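Novice: Structure file start08.cif, mmCIF, C-alpha atoms, is pasted below:
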```cif
data_structure
#
loop_
_atom_site.label_atom_id
_atom_site.label_comp_id
_atom_site.auth_asym_id
_atom_site.auth_seq_id
_atom_site.Cartn_x
_atom_site.Cartn_y
_atom_site.Cartn_z
CA MET A 1150 -0.98 15.29 -26.73
CA THR A 1151 -0.50 11.62 -27.63
CA ALA A 1152 -2.50 8.59 -26.51
CA ALA A 1153 0.42 7.58 -24.26
CA ASP A 1154 0.18 10.97 -22.53
CA LEU A 1155 -3.50 10.32 -21.78
CA THR A 1156 -2.88 6.92 -20.23
CA ARG A 1157 0.14 7.85 -18.14
CA PRO A 1158 0.42 11.13 -16.27
CA GLN A 1159 3.75 12.93 -16.61
CA GLY A 1160 6.34 11.53 -14.24
CA TRP A 1161 4.40 8.28 -13.84
CA THR A 1162 6.89 5.46 -13.43
CA GLY A 1163 4.57 2.67 -12.47
CA GLU A 1164 5.60 2.83 -8.82
CA GLU A 1165 2.13 4.05 -7.81
CA ARG A 1166 0.53 0.72 -8.62
CA ARG A 1167 3.09 -1.03 -6.51
CA GLY A 1168 2.47 1.27 -3.54
CA ILE A 1169 0.06 -1.22 -1.95
CA ASP A 1170 2.74 -3.89 -2.30
CA GLY A 1171 5.13 -1.69 -0.31
CA VAL A 1172 2.53 -1.08 2.39
CA THR A 1173 1.68 -4.78 2.55
CA LEU A 1174 5.32 -5.81 2.65
CA LYS A 1175 6.02 -3.24 5.35
CA LEU A 1176 3.05 -4.48 7.38
CA MET A 1177 4.13 -8.10 6.96
CA SER A 1178 7.70 -7.14 7.89
CA GLU A 1179 6.46 -5.37 11.03
CA VAL A 1180 4.36 -8.39 12.00
CA ARG A 1181 7.34 -10.68 11.43
CA ALA A 1182 9.62 -8.38 13.47
CA ALA A 1183 7.07 -8.25 16.31
CA MET A 1184 6.75 -12.03 16.28
CA GLU A 1185 10.53 -12.52 16.27
CA ALA A 1186 10.92 -10.04 19.14
CA HIS A 1187 8.18 -11.85 21.02
CA GLU A 1188 9.86 -15.20 20.40
CA ARG A 1189 13.22 -13.85 21.61
CA LYS A 1190 11.56 -12.51 24.76
CA GLU A 1191 9.77 -15.80 25.37
CA ALA A 1192 12.97 -17.79 24.77
CA ALA A 1193 14.85 -15.59 27.25
CA THR A 1194 12.07 -15.96 29.80
CA PHE A 1195 12.05 -19.70 29.24
CA GLN A 1196 15.80 -19.91 29.82
CA GLU A 1197 15.48 -17.81 33.00
CA LEU A 1198 12.73 -20.07 34.30
CA LYS A 1199 14.69 -23.17 33.37
CA ALA A 1200 17.71 -21.83 35.28
CA GLU A 1201 15.52 -20.94 38.26
CA ILE A 1202 14.09 -24.45 38.32
CA ARG A 1203 17.57 -25.98 38.28
CA GLU A 1204 18.81 -23.67 41.05
CA ASN A 1205 15.77 -23.96 43.24
CA ARG A 1206 14.83 -27.64 43.11
CA ASP A 1207 14.67 -27.69 46.86
CA GLU A 1208 12.29 -24.75 47.25
CA SER A 1209 8.73 -25.07 48.43
CA ASP A 1210 5.67 -26.05 46.41
CA ALA A 1211 4.57 -22.42 46.41
CA ARG A 1212 7.65 -21.42 44.40
CA HIS A 1213 7.01 -24.24 41.92
CA ALA A 1214 3.39 -23.12 41.57
CA GLU A 1215 4.62 -19.59 40.77
CA VAL A 1216 6.97 -20.91 38.11
CA LEU A 1217 4.18 -23.04 36.66
CA HIS A 1218 1.93 -19.99 36.61
CA ARG A 1219 4.61 -18.02 34.71
CA PHE A 1220 4.86 -20.82 32.14
CA GLU A 1221 1.09 -20.75 31.69
CA SER A 1222 1.20 -16.95 31.28
CA MET A 1223 3.87 -17.34 28.60
CA GLN A 1224 1.72 -19.87 26.80
CA SER A 1225 -1.31 -17.59 27.05
CA SER A 1226 0.57 -14.51 25.78
CA THR A 1227 1.99 -16.55 22.90
CA MET A 1228 -1.52 -17.67 21.93
CA VAL A 1229 -2.78 -14.07 22.04
CA MET A 1230 0.14 -13.00 19.81
CA LEU A 1231 -0.54 -15.81 17.35
CA GLN A 1232 -4.25 -14.99 17.21
CA ALA A 1233 -3.51 -11.31 16.57
CA ASN A 1234 -1.08 -12.21 13.78
CA ASN A 1235 -3.60 -14.65 12.31
CA THR A 1236 -6.27 -11.92 12.32
CA THR A 1237 -3.89 -9.51 10.59
CA ALA A 1238 -2.93 -12.12 8.00
CA ASN A 1239 -6.61 -12.86 7.33
CA GLU A 1240 -7.34 -9.15 6.86
CA ILE A 1241 -4.44 -8.82 4.40
CA HIS A 1242 -5.65 -11.92 2.54
CA LYS A 1243 -9.18 -10.47 2.38
CA MET A 1244 -7.84 -7.15 1.01
CA PHE A 1245 -5.91 -8.96 -1.71
CA LYS A 1246 -8.94 -11.06 -2.65
CA GLU A 1247 -11.06 -7.92 -2.94
CA ALA A 1248 -8.39 -6.05 -4.91
CA PHE A 1249 -7.66 -8.92 -7.30
CA PRO A 1250 -10.91 -10.71 -8.19
CA GLU A 1251 -10.12 -14.26 -9.25
CA GLY A 1252 -6.44 -13.48 -8.58
CA ASP A 1253 -6.06 -11.64 -11.88
CA VAL A 1254 -3.35 -9.04 -11.22
CA ALA A 1255 -3.07 -8.03 -14.89
CA ALA A 1256 -6.80 -7.28 -15.12
CA HIS A 1257 -6.55 -5.24 -11.92
CA ARG A 1258 -3.72 -3.17 -13.41
CA LYS A 1259 -5.58 -2.73 -16.72
CA ALA A 1260 -8.68 -1.56 -14.84
CA HIS A 1261 -6.63 1.13 -13.11
CA GLU A 1262 -5.01 2.17 -16.39
CA HIS A 1263 -8.48 2.40 -17.96
CA TRP A 1264 -9.74 4.57 -15.08
CA ILE A 1265 -6.70 6.84 -15.34
CA ALA A 1266 -7.15 7.23 -19.12
CA LYS A 1267 -10.88 7.88 -18.69
CA ASP A 1268 -10.19 10.50 -16.02
CA LEU A 1269 -7.61 12.26 -18.20
CA ALA A 1270 -9.96 12.24 -21.21
CA GLU A 1271 -12.74 13.70 -19.07
CA LYS A 1272 -10.45 16.46 -17.77
CA GLU A 1273 -9.35 17.23 -21.33
CA PHE A 1274 -13.00 17.39 -22.48
CA TRP A 1275 -13.98 19.87 -19.76
CA LEU A 1276 -10.89 22.01 -20.39
CA LYS A 1277 -11.68 22.18 -24.14
CA LEU A 1278 -15.33 22.97 -23.40
CA LYS A 1279 -14.35 25.83 -21.08
CA GLN A 1280 -11.92 27.18 -23.67
CA ASP A 1281 -14.61 27.07 -26.39
CA VAL A 1282 -17.19 28.79 -24.17
CA VAL A 1283 -14.73 31.58 -23.30
CA LYS A 1284 -13.77 31.94 -26.99
CA TRP A 1285 -17.40 32.31 -28.12
CA VAL A 1286 -18.25 34.70 -25.28
CA VAL A 1287 -15.34 36.93 -26.34
CA ILE A 1288 -16.43 36.73 -30.00
CA ALA A 1289 -20.03 37.60 -29.04
CA ALA A 1290 -18.90 40.56 -26.89
CA LEU A 1291 -16.64 41.91 -29.65
CA SER A 1292 -19.44 41.44 -32.20
CA TRP A 1293 -21.86 43.33 -29.99
CA VAL A 1294 -19.37 46.17 -29.55
CA GLY A 1295 -18.89 46.20 -33.34
CA ILE A 1296 -22.67 46.36 -33.95
CA VAL A 1297 -23.07 49.22 -31.47
CA ILE A 1298 -20.21 51.15 -33.06
CA TRP A 1299 -21.57 50.50 -36.58
CA ALA A 1300 -25.09 51.65 -35.55
CA ALA A 1301 -23.62 54.83 -34.07
CA PHE A 1302 -21.63 55.40 -37.29
CA ILE A 1303 -24.74 54.91 -39.48
CA LYS A 1304 -26.79 57.24 -37.29
CA GLY A 1305 -24.21 59.96 -37.67
CA PRO A 1306 -23.31 62.82 -35.35
CA ALA A 1307 -25.94 63.67 -32.82
#
```
Could I get this structure in the form of structure tokens?

Specialist:
Amino acid sequence: MTAADLTRPQGWTGEERRGIDGVTLKLMSEVRAAMEAHERKEAATFQELKAEIRENRDESDARHAEVLHRFESMQSSTMVMLQANNTTANEIHKMFKEAFPEGDVAAHRKAHEHWIAKDLAEKEFWLKLKQDVVKWVVIAALSWVGIVIWAAFIKGPA
């Protein structure tokens, strides 16, 4: 087994370390898609309300109050959506800061490579130790059997 085999498990292509990037990008993509869908919905609602206002200029104050209330609801729902997205973005930013102290991506990667190499070396150590213990137990058992047989041979027929 070479040193390269200890630092990189078989089949390791480097994609594992980029897995968090994929999750983050997917999350950011989903947030963006949700925001764009929300914006499209709000734009459609705004156009409907605008058309209603044009068509119903002569309607009562009660109708205008309802339209105003709908506009305020839109504004409120947009603020809730923005706050939720801001919270998500802050959580992602916090995760990145924790994962990459001082923004050092290379050091983060090297730390993981070190941990992987250390883990592989530890597994190799325990495997070798188990093999050695089994080997010496077998040798001791065979030696014991040999001693018993030799003692019986020296003693002669009973």

Novice: Using all atoms listed in the file, pick whichever of A:Arg1258, A:Lys1246, A:Arg1219, A:Arg1181 has the shortest atom-to-atom distance to A:Glu1201.

Specialist: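 So, comparing all the options, the nearest one is A:Arg1219.
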
Novice: Rank nothing, just name the residue among A:Gln1224, A:Glu1204, A:Ile1303, A:Leu1174 nearest to A:Ala1192, using all atoms listed in the file.

Specialist: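 Answer, going by the shortest atom-to-atom distance: A:Gln1224.
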
Novice: Report as a PyMOL selection string the full result of the PyMOL selection byres ((chain A and resi 1231-1240) around 12) when it is applied to this structure.

Specialist: chain A and resi 1173-1174+1176-1185+1187-1188+1224-1230+1241-1247

Novice: What would the file look like if the residues just selected were written as a PDB file, keeping the file's coordinate frame with C-alpha atoms?

Specialist:
```
ATOM      1  CA  THR A1173       1.680  -4.780   2.550  1.00  0.00           C
ATOM      2  CA  LEU A1174       5.320  -5.810   2.650  1.00  0.00           C
ATOM      3  CA  LEU A1176       3.050  -4.480   7.380  1.00  0.00           C
ATOM      4  CA  MET A1177       4.130  -8.100   6.960  1.00  0.00           C
ATOM      5  CA  SER A1178       7.700  -7.140   7.890  1.00  0.00           C
ATOM      6  CA  GLU A1179       6.460  -5.370  11.030  1.00  0.00           C
ATOM      7  CA  VAL A1180       4.360  -8.390  12.000  1.00  0.00           C
ATOM      8  CA  ARG A1181       7.340 -10.680  11.430  1.00  0.00           C
ATOM      9  CA  ALA A1182       9.620  -8.380  13.470  1.00  0.00           C
ATOM     10  CA  ALA A1183       7.070  -8.250  16.310  1.00  0.00           C
ATOM     11  CA  MET A1184       6.750 -12.030  16.280  1.00  0.00           C
ATOM     12  CA  GLU A1185      10.530 -12.520  16.270  1.00  0.00           C
ATOM     13  CA  HIS A1187       8.180 -11.850  21.020  1.00  0.00           C
ATOM     14  CA  GLU A1188       9.860 -15.200  20.400  1.00  0.00           C
ATOM     15  CA  GLN A1224       1.720 -19.870  26.800  1.00  0.00           C
ATOM     16  CA  SER A1225      -1.310 -17.590  27.050  1.00  0.00           C
ATOM     17  CA  SER A1226       0.570 -14.510  25.780  1.00  0.00           C
ATOM     18  CA  THR A1227       1.990 -16.550  22.900  1.00  0.00           C
ATOM     19  CA  MET A1228      -1.520 -17.670  21.930  1.00  0.00           C
ATOM     20  CA  VAL A1229      -2.780 -14.070  22.040  1.00  0.00           C
ATOM     21  CA  MET A1230       0.140 -13.000  19.810  1.00  0.00           C
ATOM     22  CA  ILE A1241      -4.440  -8.820   4.400  1.00  0.00           C
ATOM     23  CA  HIS A1242      -5.650 -11.920   2.540  1.00  0.00           C
ATOM     24  CA  LYS A1243      -9.180 -10.470   2.380  1.00  0.00           C
ATOM     25  CA  MET A1244      -7.840  -7.150   1.010  1.00  0.00           C
ATOM     26  CA  PHE A1245      -5.910  -8.960  -1.710  1.00  0.00           C
ATOM     27  CA  LYS A1246      -8.940 -11.060  -2.650  1.00  0.00           C
ATOM     28  CA  GLU A1247     -11.060  -7.920  -2.940  1.00  0.00           C
TER      29      GLU A1247
END
```

Novice: Counting only C-alpha atoms, figure out which residue out of A:Glu1215, A:Arg1203, A:His1261, A:Met1223 gets nearest to A:Glu1191.

Specialist: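 Result for the nearest residue to A:Glu1191: A:Met1223.
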
Novice: Atom CA of A:Trp1264 to atom CA of A:Phe1249: how many Å, to one decimal?

Specialist: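 Distance between the two atoms: 15.7 Å.
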
Novice: Any idea what the distance is between atom CA of A:Ala1200 and atom CA of A:Leu1217?

Specialist: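 About the pair atom CA of A:Ala1200 and atom CA of A:Leu1217: they are 13.7 Å apart.
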